[in-house]
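Step one of this worksheet: look at the structure below.
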Amino acid sequence: MMPRYIKIFLTLILVASLGLASVPGSLQAKAPAGAKATPVIKVTVEDSPEVTRVKISGSSNLVYNLKKSSDWLIVTFRALAGLKLEKSPFTSQVVKSVDLAKSPEAYLLIIKAVSPDFSFSHSIRKSPFELTIDLKLKNRVAAKETKPVETPAKTPPPASGQVNPPPAVNQSVERAGQGLTSSQSEKKAFKTIVIDPGHGGIETGAKGNYGTLEKDITLEVAKKLKERIEGDLKYRVVITREADVVVGLERRAAVANNNKADLFISIHANGSKRAKARGSETYFLSLNATDEESRRLAYFENNSGELENRLGEQDFDDLKLILWDMAQSAYLKQSSQLADFVQNQLNQLLNTQNRGIKQAPFKVLTGVACPAILVEIAFITNPEEEKKLQSEEFQTQVAEAIYQGLSQYFQLYEKP
Amino acid sequence: MKNNRNKKKKLRALLILFIVLAIIIMIFLFGSRKEKIRHERGADRTDQVTGKKADLPMKQVTLFFLSDTDGLLHPEEREIPESDLSGEARAVVEELIKGPQTGLMRIIPENTRVRQLFVTADGLAYVDLSRQVTEANFYGSSGEMAVVYSIVDSLAYNFKAIKKVSLLIEGNERETLGGHVDLSNPFQPDYSLIAR
């Protein structure tokens, strides 16, 4: 009798435990399989007599961003989980190739055109996601559309940070030729210097004890510097803000890049919790290099020369894209030299304590594709220096010092 | 006949008894595990709140605060209760917020809270701070550098498993604290800001 009960008992336990054990197990097994499938985008290209139409349909709604850069049109997709490209073969008079590349933060769909002289417009439909881009070669249509280059172009570099949700429907972007002829001849004659007065609008920067705001000082000094440089008639100057308004940090870098800047100078007044902190210092970018970034950086340092001249056209095309968000990494040497010249002049012309040249991971510098520095004139949080910063005379001296520093840099590094 | 029926009845009663027993055993086995974990956690929490209690094992850590004299970060020793990695890392940041006990400076703005702290398997610590950390008048370049690197250096210095630190504000990525230092990439420690 007993053995039979024991048998039943054991079977029961076995069945019960099996049943229970299988529940969490099956849940675990399902989870990865049930996770979102990698989004897929399908791309078709079709020529019509009027335009070339690129249709991108996605398996789910995607956050995107459009940017034209010479002969590419780059569609940046914020898709962290992955993205797959399916393209059907095509022949087109305008579009040479369509490829997918990956940057640290996004996927980039690169539409390569036969020439940089094209304009484009796009429209979007959601659920199902369909992005339609019409490309048009420019020289066929209106060849003369020369606008002054003064206004910075809209698109920020596809750097880190938020990508804004796309503007709604059918937005024509007509900044392709951007006065090519005039800007190119201008460029030969003049170097372009972009001056960036720190902060603005509600972003006040550091505050002094007497209520002085960093944003006001930086704007005053920037204006004086602009005047000083223009007075010499040697260089072209673009300023990232002329009034007390908010300008995003990536936008500031974009202003430099879109204007093909030769130098970028960001002007700031320092702040510290230590009231006695004082003096001037000049920064250039330090990368808080991750392993991947340092490898990229090492690669470029070993292939010295200007970013543009480093590689064959083909290799370069692909690499530049990936590097765009870290554009400054290719100019660190020049930036440190520029910082050196400017800091020396500050030391000579101002009576401030020399804090030297330093490196820091400043957001505003990361995307700038030319030698770039950030000048901390003096400490606004030090009552003595705050008073100095307010004085017109001191501001003019600062402008003069920065100007002397950058002209020295140009004299030494300008290639005929 | 009677004998047979009795036997069947007995059998059925026993069967039911066994099923009930089996279920009770199962509940006991699976249920008790969860309870144990909850107990451990509960104990842990109260100990953290009340500080040093009984023979709780403590761990010595080095915190970096700004010095008013030279503007560099200086070390200060502190004891925190032993816990798991993210628990200890959290205690380090909380001690930094509380401020120094010697003559150094408190730099992380008052009322800042650590909302969350977790460390990924590949050594990236996410430190999620409340928005108060962005509210300071002294956020020029130097001020921001001091706040960021007192946290980053303190964490990387004390915990070998932490290689990089990413700062989040109210659970979100933010560009900067006050317009200067880039928070969108994780930080590696920069010991050049520490006094030798």
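Going through the structure tokens in order, the chains are called A, B, and so on, while each chain numbers its residues from 1 and the ligands are numbered from 1 in the order shown.
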Show me, as a ChimeraX atom specification, every residue of chain B with an atom at most 10 Å from chain A, counting only C-alpha atoms. /B:11,14-15,17-19,21-23,25-26,30,66-71,105-108,136-147,163-164,173-176,178-190
Residues within 8 Å of Tyr126 in chain B, please, as JSON, numbers by chain. Count only C-alpha atoms; anything in the same chain fewer than 5 positions from it doesn't count. {"B": [116, 117, 118, 119, 165, 166, 167, 168]}
Considering only C-alpha atoms, return as a PyMOL selection string whatever protein or nucleic-acid residues lie within 9 Å of Leu389 in chain A, sequence-local ones (same chain, fewer than 3 positions apart) excluded. chain A and resi 212+217+269+377-380+384-386+392+394-395
DSSP alpha helix (DSSP H) selection over range 148-187 of chain B, as a PyMOL selection string: chain B and resi 148-158
For the residues in the current selection, export N, CA and C atoms as a PDB file, in the first residue's frame.
ATOM      1  N   VAL B 148      31.135  68.957 -11.745  1.00  0.00           N
ATOM      2  CA  VAL B 148      31.144  67.717 -12.533  1.00  0.00           C
ATOM      3  C   VAL B 148      32.274  66.790 -12.085  1.00  0.00           C
ATOM      4  N   TYR B 149      33.474  67.345 -11.984  1.00  0.00           N
ATOM      5  CA  TYR B 149      34.599  66.454 -11.709  1.00  0.00           C
ATOM      6  C   TYR B 149      34.720  66.058 -10.240  1.00  0.00           C
ATOM      7  N   SER B 150      34.104  66.780  -9.323  1.00  0.00           N
ATOM      8  CA  SER B 150      34.113  66.268  -7.947  1.00  0.00           C
ATOM      9  C   SER B 150      33.287  64.977  -7.907  1.00  0.00           C
ATOM     10  N   ILE B 151      32.216  64.931  -8.671  1.00  0.00           N
ATOM     11  CA  ILE B 151      31.408  63.709  -8.724  1.00  0.00           C
ATOM     12  C   ILE B 151      32.126  62.614  -9.504  1.00  0.00           C
ATOM     13  N   VAL B 152      32.562  62.957 -10.723  1.00  0.00           N
ATOM     14  CA  VAL B 152      33.171  61.947 -11.603  1.00  0.00           C
ATOM     15  C   VAL B 152      34.430  61.359 -10.968  1.00  0.00           C
ATOM     16  N   ASP B 153      35.316  62.223 -10.481  1.00  0.00           N
ATOM     17  CA  ASP B 153      36.569  61.733  -9.908  1.00  0.00           C
ATOM     18  C   ASP B 153      36.327  60.934  -8.625  1.00  0.00           C
ATOM     19  N   SER B 154      35.406  61.402  -7.785  1.00  0.00           N
ATOM     20  CA  SER B 154      35.136  60.663  -6.549  1.00  0.00           C
ATOM     21  C   SER B 154      34.636  59.256  -6.852  1.00  0.00           C
ATOM     22  N   LEU B 155      33.751  59.130  -7.840  1.00  0.00           N
ATOM     23  CA  LEU B 155      33.210  57.805  -8.157  1.00  0.00           C
ATOM     24  C   LEU B 155      34.279  56.909  -8.766  1.00  0.00           C
ATOM     25  N   ALA B 156      35.003  57.435  -9.751  1.00  0.00           N
ATOM     26  CA  ALA B 156      35.990  56.601 -10.446  1.00  0.00           C
ATOM     27  C   ALA B 156      37.144  56.226  -9.510  1.00  0.00           C
ATOM     28  N   TYR B 157      37.475  57.132  -8.599  1.00  0.00           N
ATOM     29  CA  TYR B 157      38.604  56.884  -7.695  1.00  0.00           C
ATOM     30  C   TYR B 157      38.275  55.767  -6.703  1.00  0.00           C
ATOM     31  N   ASN B 158      37.051  55.744  -6.209  1.00  0.00           N
ATOM     32  CA  ASN B 158      36.704  54.769  -5.172  1.00  0.00           C
ATOM     33  C   ASN B 158      36.258  53.410  -5.690  1.00  0.00           C
TER      34      ASN B 158
END
Out of A:Ser119, A:Glu46, A:Val246, A:Ile193, which residue has the shortest atom-to-atom distance to Leu225 in chain A when counting only C-alpha atoms?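 Looking only at the distances to Leu225 in chain A, the closest residue turns out to be A:Ile193.
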Counting only C-alpha atoms, what is within 8 Å of range 132-135 of chain B, bar same-chain residues fewer than 2 positions away, as a CSV table (one decimal) with C-alpha atoms, in the first residue's frame?
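As a result, around-v5.csv now contains:
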chain,number,residue,atom,x,y,z
B,108,ILE,CA,27.0,70.9,-5.4
B,109,PRO,CA,24.0,73.2,-4.9
B,110,GLU,CA,22.0,72.6,-1.8
B,111,ASN,CA,18.8,70.5,-1.9
B,112,THR,CA,20.2,68.5,-4.8
B,113,ARG,CA,19.0,64.9,-4.5
B,129,LEU,CA,20.3,64.3,-10.0
B,130,SER,CA,17.4,66.5,-9.3
B,137,ASN,CA,24.9,81.6,-9.8
B,169,ILE,CA,19.1,65.7,-14.7
B,177,LEU,CA,24.6,72.4,-16.3
B,178,GLY,CA,24.8,76.1,-17.1
Long-range neighbours of Thr52 in chain A as a list in words, 9 Å cut-off, only C-alpha atoms, 4 positions minimum in chain: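 Within the cut-off, the hits are Val45, Glu46, Asp47, Ser48, Ser92, Gln93, Val94, Val95, Ile133, Asp134, Leu135, Lys136 and Leu137 of chain A.
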Prev. selection, all heavy atoms, output as a compact mmCIF listing (two decimals), in the first residue's frame:
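Result file result_26.txt:
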# COMPACT_ATOMS: atom_id res chain seq x y z
N VAL A 45 13.97 55.18 -55.57
CA VAL A 45 14.38 56.40 -56.25
C VAL A 45 13.78 56.38 -57.65
O VAL A 45 13.86 55.36 -58.33
CB VAL A 45 15.91 56.50 -56.35
CG1 VAL A 45 16.32 57.78 -57.05
CG2 VAL A 45 16.55 56.41 -54.97
N GLU A 46 13.16 57.49 -58.03
CA GLU A 46 12.51 57.51 -59.33
C GLU A 46 12.69 58.87 -59.98
O GLU A 46 12.43 59.90 -59.36
CB GLU A 46 11.02 57.23 -59.12
CG GLU A 46 10.43 56.31 -60.15
CD GLU A 46 8.95 56.12 -59.85
OE1 GLU A 46 8.62 55.33 -58.94
OE2 GLU A 46 8.14 56.78 -60.52
N ASP A 47 13.13 58.87 -61.22
CA ASP A 47 13.27 60.12 -61.97
C ASP A 47 11.97 60.45 -62.68
O ASP A 47 11.32 59.57 -63.22
CB ASP A 47 14.36 59.97 -63.04
CG ASP A 47 15.73 60.26 -62.46
OD1 ASP A 47 15.79 60.52 -61.25
OD2 ASP A 47 16.72 60.22 -63.21
N SER A 48 11.61 61.73 -62.65
CA SER A 48 10.53 62.19 -63.52
C SER A 48 11.11 63.39 -64.25
O SER A 48 12.17 63.89 -63.88
CB SER A 48 9.31 62.57 -62.68
OG SER A 48 9.55 63.82 -62.06
N SER A 92 19.32 56.79 -61.86
CA SER A 92 18.79 58.14 -61.76
C SER A 92 19.80 59.14 -62.31
O SER A 92 21.01 58.92 -62.25
CB SER A 92 18.48 58.45 -60.30
OG SER A 92 18.34 59.84 -60.13
N GLN A 93 19.26 60.23 -62.86
CA GLN A 93 20.12 61.29 -63.39
C GLN A 93 20.67 62.16 -62.27
O GLN A 93 21.64 62.87 -62.46
CB GLN A 93 19.29 62.18 -64.32
CG GLN A 93 18.61 61.42 -65.44
CD GLN A 93 19.28 61.70 -66.75
OE1 GLN A 93 19.37 62.85 -67.16
NE2 GLN A 93 19.78 60.66 -67.38
N VAL A 94 20.03 62.11 -61.13
CA VAL A 94 20.39 63.03 -60.05
C VAL A 94 21.04 62.30 -58.87
O VAL A 94 22.07 62.72 -58.36
CB VAL A 94 19.15 63.81 -59.55
CG1 VAL A 94 19.52 64.77 -58.45
CG2 VAL A 94 18.49 64.53 -60.72
N VAL A 95 20.43 61.19 -58.48
CA VAL A 95 20.93 60.47 -57.31
C VAL A 95 21.93 59.40 -57.71
O VAL A 95 21.64 58.55 -58.55
CB VAL A 95 19.76 59.83 -56.53
CG1 VAL A 95 20.28 59.00 -55.37
CG2 VAL A 95 18.82 60.90 -56.02
N ILE A 133 11.13 62.84 -50.59
CA ILE A 133 12.06 63.94 -50.83
C ILE A 133 12.19 64.15 -52.34
O ILE A 133 12.44 63.19 -53.08
CB ILE A 133 13.45 63.64 -50.23
CG1 ILE A 133 13.33 63.28 -48.76
CG2 ILE A 133 14.37 64.82 -50.42
CD1 ILE A 133 14.60 62.72 -48.17
N ASP A 134 11.98 65.37 -52.78
CA ASP A 134 12.15 65.69 -54.21
C ASP A 134 13.45 66.45 -54.40
O ASP A 134 13.67 67.49 -53.78
CB ASP A 134 10.97 66.54 -54.69
CG ASP A 134 9.71 65.70 -54.78
OD1 ASP A 134 9.84 64.46 -54.87
OD2 ASP A 134 8.61 66.27 -54.76
N LEU A 135 14.29 65.94 -55.26
CA LEU A 135 15.56 66.61 -55.54
C LEU A 135 15.51 67.22 -56.94
O LEU A 135 14.95 66.63 -57.86
CB LEU A 135 16.73 65.63 -55.45
CG LEU A 135 17.07 65.12 -54.07
CD1 LEU A 135 16.37 63.83 -53.80
CD2 LEU A 135 18.56 64.96 -53.92
N LYS A 136 16.14 68.37 -57.04
CA LYS A 136 16.12 69.08 -58.32
C LYS A 136 17.51 69.64 -58.54
O LYS A 136 18.06 70.28 -57.65
CB LYS A 136 15.12 70.23 -58.18
CG LYS A 136 14.41 70.61 -59.45
CD LYS A 136 13.41 71.68 -59.10
CE LYS A 136 12.31 71.75 -60.11
NZ LYS A 136 11.30 72.73 -59.72
N LEU A 137 18.03 69.40 -59.71
CA LEU A 137 19.34 70.00 -60.00
C LEU A 137 19.15 71.49 -60.25
O LEU A 137 18.22 71.90 -60.91
CB LEU A 137 19.96 69.34 -61.22
CG LEU A 137 20.67 68.01 -60.94
CD1 LEU A 137 21.32 67.51 -62.20
CD2 LEU A 137 21.68 68.14 -59.82
Output as a PyMOL selection string all residues of range 217-304 of chain A that backbone DSSP marks as strand (DSSP E). chain A and resi 235-239+263-270+280-285
How would the residues just chosen look if you wrote them out with all heavy atoms as a short mmCIF file (atom, residue, chain, number, x, y, z; two decimals), in the first residue's frame?
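After the write, part_26.cif holds the following:
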data_model
loop_
_atom_site.label_atom_id
_atom_site.label_comp_id
_atom_site.auth_asym_id
_atom_site.auth_seq_id
_atom_site.Cartn_x
_atom_site.Cartn_y
_atom_site.Cartn_z
N TYR A 235 39.65 90.66 -42.47
CA TYR A 235 38.91 89.43 -42.27
C TYR A 235 37.42 89.69 -42.32
O TYR A 235 36.97 90.80 -42.03
CB TYR A 235 39.26 88.80 -40.91
CG TYR A 235 40.73 88.64 -40.68
CD1 TYR A 235 41.39 89.45 -39.75
CD2 TYR A 235 41.48 87.71 -41.40
CE1 TYR A 235 42.75 89.31 -39.53
CE2 TYR A 235 42.84 87.58 -41.19
CZ TYR A 235 43.48 88.38 -40.25
OH TYR A 235 44.82 88.25 -40.04
N ARG A 236 36.71 88.63 -42.65
CA ARG A 236 35.26 88.71 -42.63
C ARG A 236 34.80 88.21 -41.25
O ARG A 236 35.37 87.25 -40.73
CB ARG A 236 34.71 87.84 -43.74
CG ARG A 236 33.24 87.60 -43.70
CD ARG A 236 32.81 86.85 -44.96
NE ARG A 236 31.47 86.32 -44.79
CZ ARG A 236 31.19 85.05 -44.60
NH1 ARG A 236 32.15 84.15 -44.58
NH2 ARG A 236 29.95 84.65 -44.44
N VAL A 237 33.81 88.87 -40.67
CA VAL A 237 33.37 88.48 -39.33
C VAL A 237 31.90 88.08 -39.34
O VAL A 237 31.06 88.74 -39.95
CB VAL A 237 33.54 89.65 -38.33
CG1 VAL A 237 33.10 89.21 -36.94
CG2 VAL A 237 34.98 90.12 -38.30
N VAL A 238 31.61 86.97 -38.70
CA VAL A 238 30.22 86.56 -38.48
C VAL A 238 30.04 86.41 -36.97
O VAL A 238 30.92 85.88 -36.30
CB VAL A 238 29.91 85.23 -39.18
CG1 VAL A 238 28.48 84.78 -38.87
CG2 VAL A 238 30.11 85.34 -40.68
N ILE A 239 28.95 86.93 -36.46
CA ILE A 239 28.72 86.84 -35.02
C ILE A 239 27.51 85.92 -34.78
O ILE A 239 26.54 85.96 -35.55
CB ILE A 239 28.54 88.27 -34.43
CG1 ILE A 239 28.69 88.26 -32.91
CG2 ILE A 239 27.23 88.89 -34.85
CD1 ILE A 239 28.99 89.64 -32.34
N LEU A 263 38.21 80.48 -38.17
CA LEU A 263 38.48 80.54 -36.73
C LEU A 263 37.16 80.72 -35.99
O LEU A 263 36.26 81.39 -36.49
CB LEU A 263 39.35 81.75 -36.37
CG LEU A 263 40.85 81.72 -36.56
CD1 LEU A 263 41.45 82.93 -35.85
CD2 LEU A 263 41.45 80.44 -36.03
N PHE A 264 37.08 80.12 -34.82
CA PHE A 264 35.89 80.27 -34.00
C PHE A 264 36.33 80.71 -32.61
O PHE A 264 37.17 80.06 -31.98
CB PHE A 264 35.15 78.94 -33.93
CG PHE A 264 33.90 78.95 -33.08
CD1 PHE A 264 32.68 79.33 -33.62
CD2 PHE A 264 33.94 78.54 -31.75
CE1 PHE A 264 31.52 79.32 -32.85
CE2 PHE A 264 32.79 78.53 -30.98
CZ PHE A 264 31.58 78.92 -31.53
N ILE A 265 35.79 81.83 -32.16
CA ILE A 265 36.18 82.34 -30.85
C ILE A 265 34.95 82.57 -29.98
O ILE A 265 34.12 83.42 -30.29
CB ILE A 265 36.99 83.64 -31.01
CG1 ILE A 265 38.29 83.30 -31.73
CG2 ILE A 265 37.28 84.26 -29.65
CD1 ILE A 265 39.14 84.45 -32.06
N SER A 266 34.84 81.79 -28.94
CA SER A 266 33.71 81.92 -28.04
C SER A 266 34.16 82.77 -26.84
O SER A 266 35.22 82.52 -26.27
CB SER A 266 33.25 80.53 -27.57
OG SER A 266 32.04 80.65 -26.89
N ILE A 267 33.35 83.75 -26.51
CA ILE A 267 33.74 84.68 -25.44
C ILE A 267 32.87 84.47 -24.20
O ILE A 267 31.64 84.47 -24.29
CB ILE A 267 33.64 86.13 -25.94
CG1 ILE A 267 34.72 86.31 -27.03
CG2 ILE A 267 33.84 87.12 -24.81
CD1 ILE A 267 34.60 87.59 -27.77
N HIS A 268 33.52 84.28 -23.08
CA HIS A 268 32.82 84.02 -21.82
C HIS A 268 33.45 84.79 -20.68
O HIS A 268 34.58 85.25 -20.77
CB HIS A 268 32.87 82.52 -21.50
CG HIS A 268 31.95 81.70 -22.33
ND1 HIS A 268 30.84 81.09 -21.84
CD2 HIS A 268 31.98 81.41 -23.66
CE1 HIS A 268 30.22 80.45 -22.81
NE2 HIS A 268 30.90 80.62 -23.93
N ALA A 269 32.69 84.92 -19.59
CA ALA A 269 33.24 85.43 -18.34
C ALA A 269 33.10 84.29 -17.34
O ALA A 269 32.07 83.63 -17.29
CB ALA A 269 32.48 86.65 -17.87
N ASN A 270 34.14 84.06 -16.57
CA ASN A 270 34.17 82.87 -15.73
C ASN A 270 33.33 83.04 -14.45
O ASN A 270 33.00 84.15 -14.05
CB ASN A 270 35.62 82.54 -15.37
CG ASN A 270 35.84 81.04 -15.25
OD1 ASN A 270 34.89 80.28 -15.06
ND2 ASN A 270 37.08 80.62 -15.36
N SER A 280 42.50 85.33 -16.11
CA SER A 280 42.02 85.01 -17.45
C SER A 280 42.56 83.65 -17.86
O SER A 280 43.67 83.29 -17.51
CB SER A 280 42.52 86.03 -18.46
OG SER A 280 42.45 87.32 -17.93
N GLU A 281 41.78 82.95 -18.62
CA GLU A 281 42.26 81.69 -19.17
C GLU A 281 41.61 81.42 -20.51
O GLU A 281 40.56 81.94 -20.82
CB GLU A 281 42.01 80.52 -18.21
CG GLU A 281 40.56 80.30 -17.85
CD GLU A 281 40.39 79.46 -16.58
OE1 GLU A 281 41.40 79.12 -15.93
OE2 GLU A 281 39.24 79.15 -16.24
N THR A 282 42.32 80.63 -21.34
CA THR A 282 41.80 80.31 -22.66
C THR A 282 41.72 78.79 -22.78
O THR A 282 42.67 78.09 -22.45
CB THR A 282 42.71 80.88 -23.75
OG1 THR A 282 42.89 82.27 -23.50
CG2 THR A 282 42.08 80.69 -25.11
N TYR A 283 40.56 78.34 -23.21
CA TYR A 283 40.32 76.90 -23.30
C TYR A 283 40.30 76.43 -24.75
O TYR A 283 39.86 77.15 -25.64
CB TYR A 283 38.95 76.56 -22.72
CG TYR A 283 38.88 76.51 -21.21
CD1 TYR A 283 38.47 77.62 -20.49
CD2 TYR A 283 39.19 75.35 -20.54
CE1 TYR A 283 38.37 77.56 -19.10
CE2 TYR A 283 39.08 75.28 -19.15
CZ TYR A 283 38.67 76.39 -18.45
OH TYR A 283 38.56 76.32 -17.09
N PHE A 284 40.75 75.21 -24.95
CA PHE A 284 40.36 74.51 -26.17
C PHE A 284 39.77 73.17 -25.75
O PHE A 284 39.83 72.82 -24.57
CB PHE A 284 41.53 74.38 -27.16
CG PHE A 284 42.69 73.55 -26.70
CD1 PHE A 284 42.86 72.26 -27.21
CD2 PHE A 284 43.61 74.04 -25.80
CE1 PHE A 284 43.94 71.49 -26.80
CE2 PHE A 284 44.68 73.27 -25.38
CZ PHE A 284 44.85 71.99 -25.88
N LEU A 285 39.21 72.46 -26.71
CA LEU A 285 38.39 71.30 -26.35
C LEU A 285 39.22 70.14 -25.82
O LEU A 285 40.28 69.82 -26.34
CB LEU A 285 37.62 70.83 -27.58
CG LEU A 285 36.63 69.69 -27.32
CD1 LEU A 285 35.44 70.19 -26.54
CD2 LEU A 285 36.17 69.07 -28.63
#
